[in-house]
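What follows is the content of input24.txt (compact mmCIF, C-alpha atoms).
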# COMPACT_ATOMS: atom_id res chain seq x y z
CA MET A 1 -39.87 56.80 -35.69
CA ASN A 2 -41.41 58.39 -38.80
CA ILE A 3 -44.10 56.46 -40.69
CA LEU A 4 -45.71 57.24 -44.03
CA PHE A 5 -49.07 55.72 -44.98
CA LYS A 6 -49.55 55.84 -48.77
CA ASN A 7 -52.45 55.11 -51.10
CA ILE A 8 -55.03 55.28 -48.30
CA LYS A 9 -58.43 54.53 -49.82
CA GLU A 10 -60.01 57.13 -47.52
CA LEU A 11 -58.53 59.21 -44.71
CA ILE A 12 -61.46 59.87 -42.38
CA GLN A 13 -62.18 62.57 -39.79
CA ILE A 14 -59.77 65.29 -40.91
CA ARG A 15 -60.34 68.43 -38.85
CA GLU A 16 -58.85 71.83 -38.17
CA LYS A 17 -57.73 72.59 -34.63
CA SER A 18 -60.63 75.01 -34.06
CA GLU A 19 -63.24 72.21 -34.07
CA ILE A 20 -63.46 70.74 -30.58
CA PHE A 21 -66.80 68.92 -30.93
CA ILE A 22 -69.51 68.46 -33.55
CA SER A 23 -73.23 69.21 -33.02
CA GLY A 24 -76.60 68.76 -34.68
CA LYS A 25 -76.74 68.61 -38.47
CA ALA A 26 -72.95 68.93 -38.69
CA MET A 27 -72.64 65.44 -37.20
CA LYS A 28 -73.82 64.02 -40.53
CA THR A 29 -70.63 65.32 -42.15
CA LEU A 30 -67.40 63.38 -41.78
CA PRO A 31 -64.61 65.17 -43.68
CA SER A 32 -62.28 62.85 -45.54
CA ILE A 33 -59.78 62.60 -48.39
CA GLN A 34 -59.93 59.86 -51.02
CA ASN A 35 -56.61 58.30 -52.12
CA ALA A 36 -54.59 60.00 -49.43
CA TYR A 37 -51.28 59.93 -47.61
CA LEU A 38 -50.58 60.47 -43.91
CA LEU A 39 -47.21 61.29 -42.33
CA ILE A 40 -46.42 60.48 -38.70
CA LYS A 41 -43.39 62.00 -37.00
CA LYS A 42 -42.33 61.03 -33.49
CA GLY A 43 -45.80 59.75 -32.64
CA VAL A 44 -47.64 62.85 -33.86
CA ILE A 45 -49.65 63.59 -37.02
CA ALA A 46 -47.31 65.74 -39.12
CA ALA A 47 -48.97 66.06 -42.54
CA TYR A 48 -51.64 64.59 -44.80
CA GLY A 49 -53.26 65.20 -48.15
CA PRO A 50 -54.25 63.63 -51.46
CA MET A 51 -51.73 61.39 -53.21
CA SER A 52 -51.87 63.74 -56.20
CA GLU A 53 -50.10 66.34 -54.02
CA TYR A 54 -47.79 63.90 -52.25
CA PRO A 55 -44.26 65.25 -51.65
CA GLU A 56 -41.33 62.91 -51.07
CA TYR A 57 -40.49 62.24 -47.42
CA GLU A 58 -37.59 60.46 -45.77
CA VAL A 59 -39.15 58.03 -43.31
CA ASP A 60 -38.34 54.89 -41.35
CA GLU A 61 -41.33 52.90 -42.58
CA ILE A 62 -43.79 53.08 -45.47
CA VAL A 63 -47.19 51.40 -45.11
CA ASP A 64 -49.00 50.74 -48.39
CA SER A 65 -52.67 51.22 -47.46
CA THR A 66 -54.23 50.37 -50.82
CA GLY A 67 -57.91 49.50 -50.37
CA LYS A 68 -57.76 50.36 -46.66
CA MET A 69 -59.02 53.30 -44.62
CA ILE A 70 -57.55 55.23 -41.72
CA LEU A 71 -59.54 57.00 -39.03
CA PRO A 72 -58.72 58.22 -35.51
CA SER A 73 -58.87 55.56 -32.83
CA TRP A 74 -61.99 55.33 -30.69
CA CYS A 75 -62.31 57.68 -27.72
CA ASP A 76 -64.24 55.81 -25.02
CA SER A 77 -65.26 58.45 -22.50
CA HIS A 78 -67.15 56.29 -19.99
CA THR A 79 -65.84 52.99 -18.59
CA HIS A 80 -65.50 51.11 -15.31
CA LEU A 81 -62.69 48.94 -16.66
CA VAL A 82 -60.99 48.52 -13.28
CA TYR A 83 -63.05 45.97 -11.34
CA ALA A 84 -62.57 42.61 -9.66
CA GLY A 85 -64.13 39.32 -10.70
CA ASN A 86 -67.37 39.34 -12.69
CA ARG A 87 -71.14 39.17 -12.22
CA GLU A 88 -72.02 36.30 -14.53
CA GLY A 89 -74.37 34.84 -11.89
CA GLU A 90 -76.49 37.98 -12.10
CA PHE A 91 -76.52 37.59 -15.89
CA GLU A 92 -78.27 34.25 -15.45
CA ASP A 93 -80.65 35.77 -12.88
CA ARG A 94 -81.71 38.42 -15.40
CA ILE A 95 -82.24 35.79 -18.09
CA LYS A 96 -84.65 34.13 -15.64
CA GLY A 97 -86.56 37.41 -15.25
CA CYS A 98 -84.95 39.28 -12.36
CA SER A 99 -84.49 42.99 -13.12
CA TYR A 100 -81.28 44.98 -12.62
CA GLN A 101 -83.01 47.04 -9.92
CA LYS A 102 -84.29 43.92 -8.11
CA ILE A 103 -80.82 42.37 -8.12
CA ALA A 104 -79.46 45.57 -6.57
CA GLU A 105 -82.16 45.53 -3.87
CA MET A 106 -81.10 41.99 -2.94
CA GLY A 107 -77.50 43.08 -2.34
CA GLY A 108 -76.21 42.34 -5.82
CA GLY A 109 -75.11 44.79 -8.49
CA ILE A 110 -72.63 47.43 -7.41
CA LEU A 111 -72.62 46.15 -3.81
CA ASN A 112 -71.64 42.70 -5.07
CA SER A 113 -68.69 44.13 -7.01
CA ALA A 114 -67.62 46.18 -3.99
CA LYS A 115 -67.43 43.07 -1.78
CA VAL A 116 -65.23 41.24 -4.28
CA LEU A 117 -62.99 44.27 -4.85
CA GLU A 118 -62.45 44.79 -1.12
CA ASN A 119 -60.90 41.31 -0.90
CA THR A 120 -58.77 41.70 -4.04
CA SER A 121 -55.17 42.87 -3.71
CA LEU A 122 -53.95 45.92 -5.59
CA GLU A 123 -51.64 43.73 -7.67
CA ASP A 124 -54.38 41.28 -8.61
CA LEU A 125 -56.74 44.13 -9.46
CA TYR A 126 -54.07 45.63 -11.71
CA LEU A 127 -53.44 42.32 -13.51
CA GLN A 128 -57.17 41.80 -14.16
CA SER A 129 -57.56 45.36 -15.44
CA LYS A 130 -54.41 45.18 -17.57
CA VAL A 131 -55.87 42.31 -19.61
CA ARG A 132 -59.04 44.32 -20.31
CA LEU A 133 -57.09 47.40 -21.35
CA GLU A 134 -54.90 45.41 -23.73
CA GLU A 135 -58.03 43.93 -25.30
CA VAL A 136 -59.80 47.23 -25.94
CA MET A 137 -56.63 48.76 -27.39
CA CYS A 138 -56.50 45.94 -29.95
CA LEU A 139 -60.16 46.70 -30.73
CA GLY A 140 -59.29 50.28 -31.66
CA THR A 141 -59.57 52.30 -28.45
CA GLY A 142 -56.82 54.92 -28.26
CA ALA A 143 -58.23 57.09 -25.47
CA ILE A 144 -60.24 55.90 -22.51
CA GLU A 145 -61.76 57.22 -19.30
CA ILE A 146 -61.70 54.82 -16.34
CA LYS A 147 -63.76 55.38 -13.21
CA SER A 148 -63.44 54.13 -9.68
CA GLY A 149 -66.76 53.54 -7.90
CA TYR A 150 -66.73 49.85 -6.95
CA GLY A 151 -64.87 50.53 -3.73
CA LEU A 152 -67.56 52.28 -1.67
CA THR A 153 -64.99 52.93 1.05
CA PRO A 154 -62.14 55.45 0.99
CA LYS A 155 -59.56 52.63 1.17
CA SER A 156 -61.01 50.65 -1.73
CA GLU A 157 -61.68 53.70 -3.89
CA LEU A 158 -58.06 54.76 -3.49
CA LYS A 159 -56.99 51.23 -4.40
CA MET A 160 -58.90 51.51 -7.68
CA LEU A 161 -57.52 54.95 -8.46
CA ARG A 162 -53.96 53.78 -7.81
CA VAL A 163 -54.49 50.92 -10.25
CA ILE A 164 -55.72 53.42 -12.85
CA LYS A 165 -52.64 55.55 -12.15
CA ARG A 166 -50.41 52.54 -12.76
CA LEU A 167 -52.18 51.83 -16.04
CA GLN A 168 -51.58 55.47 -17.03
CA ASN A 169 -47.89 55.09 -16.29
CA GLU A 170 -47.39 51.73 -18.00
CA PHE A 171 -49.53 52.02 -21.14
CA PRO A 172 -49.19 54.47 -24.06
CA VAL A 173 -52.94 54.86 -24.54
CA THR A 174 -54.49 58.14 -23.31
CA ILE A 175 -56.20 57.41 -19.97
CA GLN A 176 -58.32 59.82 -17.94
CA ALA A 177 -59.11 58.85 -14.33
CA THR A 178 -62.44 59.70 -12.70
CA PHE A 179 -63.25 59.43 -9.00
CA LEU A 180 -66.79 58.01 -8.90
CA ALA A 181 -67.41 59.26 -5.39
CA ALA A 182 -71.10 58.34 -5.19
CA HIS A 183 -71.96 55.16 -7.08
CA ALA A 184 -74.11 53.37 -4.49
CA ILE A 185 -74.80 53.49 -0.77
CA PRO A 186 -73.00 50.71 1.13
CA GLU A 187 -74.88 48.60 3.68
CA THR A 188 -72.93 50.24 6.49
CA HIS A 189 -74.46 53.63 5.64
CA LYS A 190 -77.97 52.71 4.44
CA SER A 191 -79.51 54.89 7.15
CA ASN A 192 -76.99 57.74 6.88
CA LYS A 193 -76.18 58.61 3.30
CA GLU A 194 -74.98 62.08 4.28
CA LEU A 195 -72.30 60.62 6.56
CA PHE A 196 -71.19 58.28 3.76
CA LEU A 197 -70.71 61.17 1.32
CA LYS A 198 -68.99 63.34 3.92
CA THR A 199 -66.60 60.55 4.91
CA MET A 200 -65.90 59.55 1.32
CA LEU A 201 -65.02 63.08 0.25
CA GLU A 202 -63.10 64.18 3.32
CA GLU A 203 -60.92 61.05 3.45
CA THR A 204 -60.19 60.72 -0.26
CA LEU A 205 -60.05 64.14 -1.90
CA PRO A 206 -56.87 65.38 -0.15
CA ILE A 207 -55.07 62.12 -1.08
CA ILE A 208 -56.38 62.23 -4.66
CA LYS A 209 -55.01 65.73 -5.03
CA LYS A 210 -51.67 64.91 -3.37
CA GLU A 211 -51.07 61.79 -5.52
CA ASN A 212 -52.72 63.21 -8.66
CA LEU A 213 -55.06 60.22 -8.90
CA ALA A 214 -57.96 61.72 -10.86
CA SER A 215 -58.95 64.60 -13.10
CA ALA A 216 -62.74 64.27 -12.76
CA VAL A 217 -65.45 63.37 -10.27
CA ASP A 218 -68.70 61.50 -10.91
CA VAL A 219 -72.05 60.77 -9.23
CA PHE A 220 -74.87 58.32 -9.97
CA CYS A 221 -77.78 60.78 -9.85
CA GLU A 222 -80.77 58.43 -9.80
CA THR A 223 -83.84 57.50 -7.76
CA GLY A 224 -82.77 55.17 -4.96
CA TYR A 225 -79.14 56.24 -5.24
CA PHE A 226 -78.21 59.95 -5.04
CA THR A 227 -80.46 62.99 -5.32
CA THR A 228 -79.77 66.23 -7.17
CA GLU A 229 -78.88 67.78 -3.80
CA ASP A 230 -76.38 64.99 -3.12
CA THR A 231 -74.98 65.45 -6.61
CA ALA A 232 -74.52 69.19 -6.19
CA TYR A 233 -72.78 68.63 -2.85
CA VAL A 234 -70.29 66.17 -4.34
CA LEU A 235 -69.55 68.23 -7.45
CA GLU A 236 -69.09 71.47 -5.54
CA THR A 237 -66.85 69.88 -2.91
CA ALA A 238 -64.68 68.13 -5.49
CA GLN A 239 -64.27 71.27 -7.60
CA ASP A 240 -62.27 72.78 -4.74
CA TYR A 241 -59.74 69.99 -5.42
CA GLY A 242 -59.61 70.64 -9.16
CA LEU A 243 -61.81 67.73 -10.26
CA LYS A 244 -64.07 68.34 -13.26
CA PRO A 245 -67.68 67.17 -12.91
CA LYS A 246 -69.27 64.26 -14.78
CA ILE A 247 -72.65 62.65 -13.97
CA HIS A 248 -74.47 59.34 -14.48
CA VAL A 249 -77.96 60.67 -15.10
CA ASN A 250 -81.42 59.87 -16.53
CA GLN A 251 -80.79 56.13 -16.77
CA PHE A 252 -84.05 54.96 -15.22
CA ASN A 253 -85.63 58.23 -14.06
CA ALA A 254 -85.27 61.94 -14.93
CA ILE A 255 -84.92 63.81 -11.65
CA GLY A 256 -83.17 67.03 -12.69
CA GLY A 257 -79.57 65.83 -12.83
CA VAL A 258 -78.96 67.22 -16.32
CA GLY A 259 -79.59 70.74 -15.06
CA ILE A 260 -77.20 70.20 -12.16
CA GLY A 261 -74.54 69.04 -14.61
CA VAL A 262 -74.89 72.11 -16.81
CA TYR A 263 -74.92 74.42 -13.78
CA TYR A 264 -71.56 73.01 -12.64
CA ASN A 265 -70.13 73.00 -16.19
CA ALA A 266 -69.86 69.22 -16.26
CA LEU A 267 -67.69 67.67 -18.94
CA SER A 268 -70.51 65.26 -19.69
CA VAL A 269 -73.88 63.88 -18.64
CA ASP A 270 -73.97 60.16 -19.35
CA HIS A 271 -76.71 57.57 -20.00
CA LEU A 272 -79.74 59.74 -20.89
CA GLU A 273 -81.92 56.75 -21.78
CA LEU A 274 -84.71 59.04 -20.65
CA ILE A 275 -84.49 62.70 -21.66
CA ARG A 276 -87.10 65.44 -21.35
CA ASP A 277 -87.60 68.55 -23.42
CA GLU A 278 -86.42 70.65 -20.49
CA ASP A 279 -83.19 68.61 -20.36
CA LEU A 280 -82.57 69.32 -24.04
CA ALA A 281 -83.25 73.01 -23.51
CA VAL A 282 -80.80 73.31 -20.63
CA LEU A 283 -78.08 71.54 -22.63
CA LYS A 284 -78.52 73.88 -25.58
CA GLY A 285 -75.67 76.36 -25.72
CA SER A 286 -73.69 74.64 -22.97
CA LYS A 287 -70.36 72.84 -23.27
CA THR A 288 -71.62 69.77 -21.42
CA MET A 289 -71.50 66.73 -23.70
CA PRO A 290 -74.44 64.29 -23.73
CA VAL A 291 -73.08 60.72 -23.78
CA ALA A 292 -75.03 57.63 -24.86
CA LEU A 293 -74.13 54.13 -23.66
CA PRO A 294 -75.86 51.71 -26.04
CA GLY A 295 -73.97 48.68 -24.73
CA CYS A 296 -75.79 49.08 -21.42
CA SER A 297 -79.18 49.37 -23.14
CA PHE A 298 -78.41 46.26 -25.19
CA PHE A 299 -77.30 44.19 -22.20
CA LEU A 300 -80.04 45.27 -19.77
CA GLU A 301 -82.75 45.49 -22.44
CA ILE A 302 -83.70 49.00 -21.39
CA PRO A 303 -84.53 51.91 -23.74
CA TYR A 304 -81.76 53.35 -25.89
CA THR A 305 -80.76 56.99 -25.58
CA PRO A 306 -82.92 58.91 -28.10
CA ALA A 307 -80.05 59.98 -30.32
CA ARG A 308 -82.24 61.34 -33.10
CA LYS A 309 -84.08 63.62 -30.66
CA ILE A 310 -80.81 64.91 -29.20
CA ILE A 311 -79.03 65.48 -32.52
CA ASP A 312 -82.09 66.91 -34.29
CA PHE A 313 -82.39 69.42 -31.44
CA GLY A 314 -78.99 70.72 -32.51
CA LEU A 315 -76.97 69.13 -29.72
CA PRO A 316 -73.77 67.10 -29.87
CA LEU A 317 -73.66 63.47 -28.78
CA ALA A 318 -70.82 61.13 -27.78
CA LEU A 319 -70.81 57.34 -27.66
CA ALA A 320 -69.05 55.27 -25.00
CA SER A 321 -68.98 51.64 -23.93
CA ASP A 322 -69.81 51.84 -20.19
CA TYR A 323 -67.53 48.79 -19.85
CA ASN A 324 -68.42 47.28 -16.45
CA PRO A 325 -69.16 43.84 -14.95
CA GLY A 326 -72.87 44.30 -14.33
CA SER A 327 -74.59 46.20 -17.10
CA ALA A 328 -72.14 46.39 -20.03
CA PRO A 329 -69.39 43.75 -19.85
CA SER A 330 -67.73 44.74 -23.12
CA GLY A 331 -65.40 47.55 -24.13
CA ASN A 332 -65.71 46.87 -27.86
CA MET A 333 -66.32 50.30 -29.38
CA ASN A 334 -66.85 48.77 -32.82
CA PHE A 335 -69.97 47.10 -31.43
CA ILE A 336 -71.02 50.39 -29.82
CA VAL A 337 -70.81 52.21 -33.15
CA SER A 338 -72.80 49.46 -34.88
CA THR A 339 -75.44 49.40 -32.16
CA ALA A 340 -75.83 53.19 -32.33
CA CYS A 341 -76.59 52.89 -36.04
CA ILE A 342 -78.88 49.88 -35.77
CA LYS A 343 -80.80 50.69 -32.59
CA MET A 344 -80.47 54.47 -32.26
CA LYS A 345 -80.78 55.30 -35.98
CA MET A 346 -77.57 57.28 -36.12
CA THR A 347 -75.90 57.49 -39.51
CA PRO A 348 -72.42 55.95 -39.78
CA GLN A 349 -70.99 59.48 -40.03
CA GLU A 350 -72.81 60.59 -36.87
CA ALA A 351 -71.72 57.49 -34.97
CA ILE A 352 -68.06 57.90 -35.94
CA ASN A 353 -68.14 61.58 -34.97
CA ALA A 354 -69.70 60.57 -31.65
CA ALA A 355 -67.08 57.89 -30.97
CA THR A 356 -64.05 59.98 -31.89
CA ILE A 357 -63.99 63.78 -31.69
CA ASN A 358 -67.03 64.10 -29.38
CA GLY A 359 -65.80 61.28 -27.15
CA ALA A 360 -62.47 63.06 -26.81
CA PHE A 361 -64.26 66.24 -25.72
CA ALA A 362 -66.34 64.31 -23.18
CA MET A 363 -63.17 63.36 -21.31
CA GLY A 364 -61.27 66.61 -21.79
CA VAL A 365 -58.64 65.40 -24.28
CA GLU A 366 -60.02 67.01 -27.46
CA HIS A 367 -56.72 68.83 -28.10
CA GLU A 368 -54.76 65.55 -28.05
CA VAL A 369 -56.86 62.94 -29.88
CA GLY A 370 -60.15 62.34 -31.69
CA SER A 371 -59.41 63.58 -35.20
CA ILE A 372 -56.83 63.58 -37.97
CA THR A 373 -55.34 66.95 -37.10
CA VAL A 374 -51.74 68.08 -37.45
CA GLY A 375 -50.16 68.10 -34.00
CA LYS A 376 -52.48 65.53 -32.42
CA LYS A 377 -51.29 62.12 -31.26
CA ALA A 378 -51.10 59.50 -33.99
CA ASN A 379 -53.71 57.24 -32.40
CA LEU A 380 -55.15 55.55 -35.47
CA ILE A 381 -57.15 52.65 -36.84
CA LEU A 382 -55.98 51.10 -40.11
CA THR A 383 -58.82 49.00 -41.50
CA LYS A 384 -58.65 45.88 -43.57
CA PRO A 385 -59.71 46.36 -47.21
CA VAL A 386 -63.32 47.65 -47.09
CA HIS A 387 -65.88 48.96 -49.56
CA SER A 388 -66.74 52.13 -47.63
CA LEU A 389 -66.82 53.52 -44.11
CA THR A 390 -70.38 52.17 -43.81
CA ASP A 391 -68.85 48.69 -43.65
CA LEU A 392 -67.61 49.49 -40.14
CA PRO A 393 -71.08 49.55 -38.50
CA TYR A 394 -72.72 47.35 -41.15
CA CYS A 395 -70.48 44.32 -40.57
CA PHE A 396 -71.27 44.33 -36.85
CA GLY A 397 -69.89 40.87 -36.17
CA SER A 398 -66.65 41.20 -38.11
CA ASN A 399 -63.32 42.59 -37.04
CA LEU A 400 -62.40 45.00 -39.84
CA ILE A 401 -59.33 46.38 -38.05
CA GLU A 402 -55.97 45.41 -39.53
CA GLN A 403 -53.77 47.44 -37.16
CA VAL A 404 -54.14 49.93 -34.34
CA TYR A 405 -51.50 52.60 -33.74
CA VAL A 406 -51.02 54.47 -30.46
CA ASN A 407 -48.58 57.37 -30.48
CA GLY A 408 -47.53 56.21 -33.92
CA LYS A 409 -46.56 52.72 -32.76
CA ALA A 410 -48.35 49.54 -33.79
CA VAL A 411 -50.28 47.87 -30.96
CA LYS A 412 -49.40 44.19 -30.61
CA ASN A 413 -52.39 41.95 -31.20
Just dump the structure as structure tokens.
Amino acid sequence: MNILFKNIKELIQIREKSEIFISGKAMKTLPSIQNAYLLIKKGVIAAYGPMSEYPEYEVDEIVDSTGKMILPSWCDSHTHLVYAGNREGEFEDRIKGCSYQKIAEMGGGILNSAKVLENTSLEDLYLQSKVRLEEVMCLGTGAIEIKSGYGLTPKSELKMLRVIKRLQNEFPVTIQATFLAAHAIPETHKSNKELFLKTMLEETLPIIKKENLASAVDVFCETGYFTTEDTAYVLETAQDYGLKPKIHVNQFNAIGGVGIGVYYNALSVDHLELIRDEDLAVLKGSKTMPVALPGCSFFLEIPYTPARKIIDFGLPLALASDYNPGSAPSGNMNFIVSTACIKMKMTPQEAINAATINGAFAMGVEHEVGSITVGKKANLILTKPVHSLTDLPYCFGSNLIEQVYVNGKAVKN
């Protein structure tokens, strides 16, 4: 089906194919065309330009976009969307003053989710996850990374990855699967973390490769969880199976995980609520994307990733939701963009760059989505009538999306 959008108030994030991510001062620039048209052919961006240069096209549908804007759909590069149940009881505990770390020490947190998931069937887990995916698509997400990590046993981790695989097969949205091999240490291995890691990798990696269940591997590199040595062991072992590295790092403590990520050419290092000058220096010149997760900072009331420090150092930055039941139970990327502007002092242009083209790079799909580029998938957000692109983060409690398109097809609300 061929679709023509005419009279677009502003066509945002137009890029040439050579630009795979945006860094430093360049993040303040968001290329656009006022009063534009956009042609979609067979689910792919085919042409665009100003209405003054509009040629006649034969199409199946014409969408008059007067007063409305079009931008690429959100690219959410860090989620835990596949999980069972919820952790609303812990939410109340934190309101009463119990910290995230204390809840984890008492057997809550990730261990709590793992217990529920173990007793949830694959079909039920799929149905719960399907609802969440449908919701975030309607909120503008056109590409998403989904991690395992709440299994903590080979059997349960594979269950999660198979659910992600089914979502990939049954939904048009771009989905990248990540094997979160080391998220927490289960009670059964509290005294033998090394055996846990060895068992997890040896029993899952051959099956993951055989069934093509993941494209990346992840580790929670943090005090009380997994050391830099543990992280290096997991990343190196998984690379032999073709999995690209990603790391949860510098959330509560900075223990050297950023350097490990760069050394292993990680796609991204995520969280970075704490970041040292030496971390910035090691990221400089690398192709490892720093990723901020402001939804987690908002929900847990912990520091926000110092976006200004990272960008002003000349580095790129991506934004993601961290959608999960314990520390960020929302996949609404519109809220993430608003929060980045309000709490992290990013400009609207920087935040949109971070949530589109840089997010695509952080999950390895920069050649498919993330910008208005001829040949990329037509994964788009058509806004309601707005004054300017600043309305998107400014009106943080309003839904300014009129229609989402994935592969050139309208997503049913």
Residue nearest Ile70 of chain A among A:Leu11, A:Leu152, A:Ile103, A:Val386 (counting all atoms listed in the file): A:Leu11
Contacts of Gly140 of chain A within 8 Å, only C-alpha atoms, excl. fewer than 6 positions in-chain, as JSON, numbers by chain: {"A": [73, 74, 333, 334, 380, 381, 401, 404]}
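Remark: for Tyr263 of chain A, the closest of the candidate residues A:Ile110, A:Leu283, A:Leu300, A:Met51 is A:Leu283 (distances computed over all atoms listed in the file).
For the pair atom CA of Ala378 of chain A and atom CA of Asn2 of chain A, the separation is 10.9 Å.
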Select, counting all atoms listed in the file, all protein, DNA and RNA residues no farther than 8 Å from (-77.5, 52.5, -26.0) in file coordinates, and express the selection as a PDB file with C-alpha atoms, keeping the file's coordinate frame.
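Produced file part-v1.pdb, reproduced below:
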ATOM      1  CA  HIS A 271     -76.710  57.570 -20.000  1.00  0.00           C
ATOM      2  CA  GLU A 273     -81.920  56.750 -21.780  1.00  0.00           C
ATOM      3  CA  ALA A 292     -75.030  57.630 -24.860  1.00  0.00           C
ATOM      4  CA  LEU A 293     -74.130  54.130 -23.660  1.00  0.00           C
ATOM      5  CA  PRO A 294     -75.860  51.710 -26.040  1.00  0.00           C
ATOM      6  CA  GLY A 295     -73.970  48.680 -24.730  1.00  0.00           C
ATOM      7  CA  CYS A 296     -75.790  49.080 -21.420  1.00  0.00           C
ATOM      8  CA  SER A 297     -79.180  49.370 -23.140  1.00  0.00           C
ATOM      9  CA  PHE A 298     -78.410  46.260 -25.190  1.00  0.00           C
ATOM     10  CA  PRO A 303     -84.530  51.910 -23.740  1.00  0.00           C
ATOM     11  CA  TYR A 304     -81.760  53.350 -25.890  1.00  0.00           C
ATOM     12  CA  THR A 305     -80.760  56.990 -25.580  1.00  0.00           C
ATOM     13  CA  ILE A 336     -71.020  50.390 -29.820  1.00  0.00           C
ATOM     14  CA  THR A 339     -75.440  49.400 -32.160  1.00  0.00           C
ATOM     15  CA  ALA A 340     -75.830  53.190 -32.330  1.00  0.00           C
ATOM     16  CA  LYS A 343     -80.800  50.690 -32.590  1.00  0.00           C
ATOM     17  CA  MET A 344     -80.470  54.470 -32.260  1.00  0.00           C
TER      18      MET A 344
END
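For the pair atom CA of Thr223 of chain A and atom CA of Lys102 of chain A, the interatomic distance is 13.6 Å.
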So that all listed atoms of segment 384-387 of chain A fit with 3 Å spare on each side, what axis-aligned box centre and edge lengths in Å, to one decimal, would you give as lines of an AutoDock Vina configuration file?
center_x = -62.3
center_y = 47.4
center_z = -46.6
size_x = 13.2
size_y = 9.1
size_z = 12.0
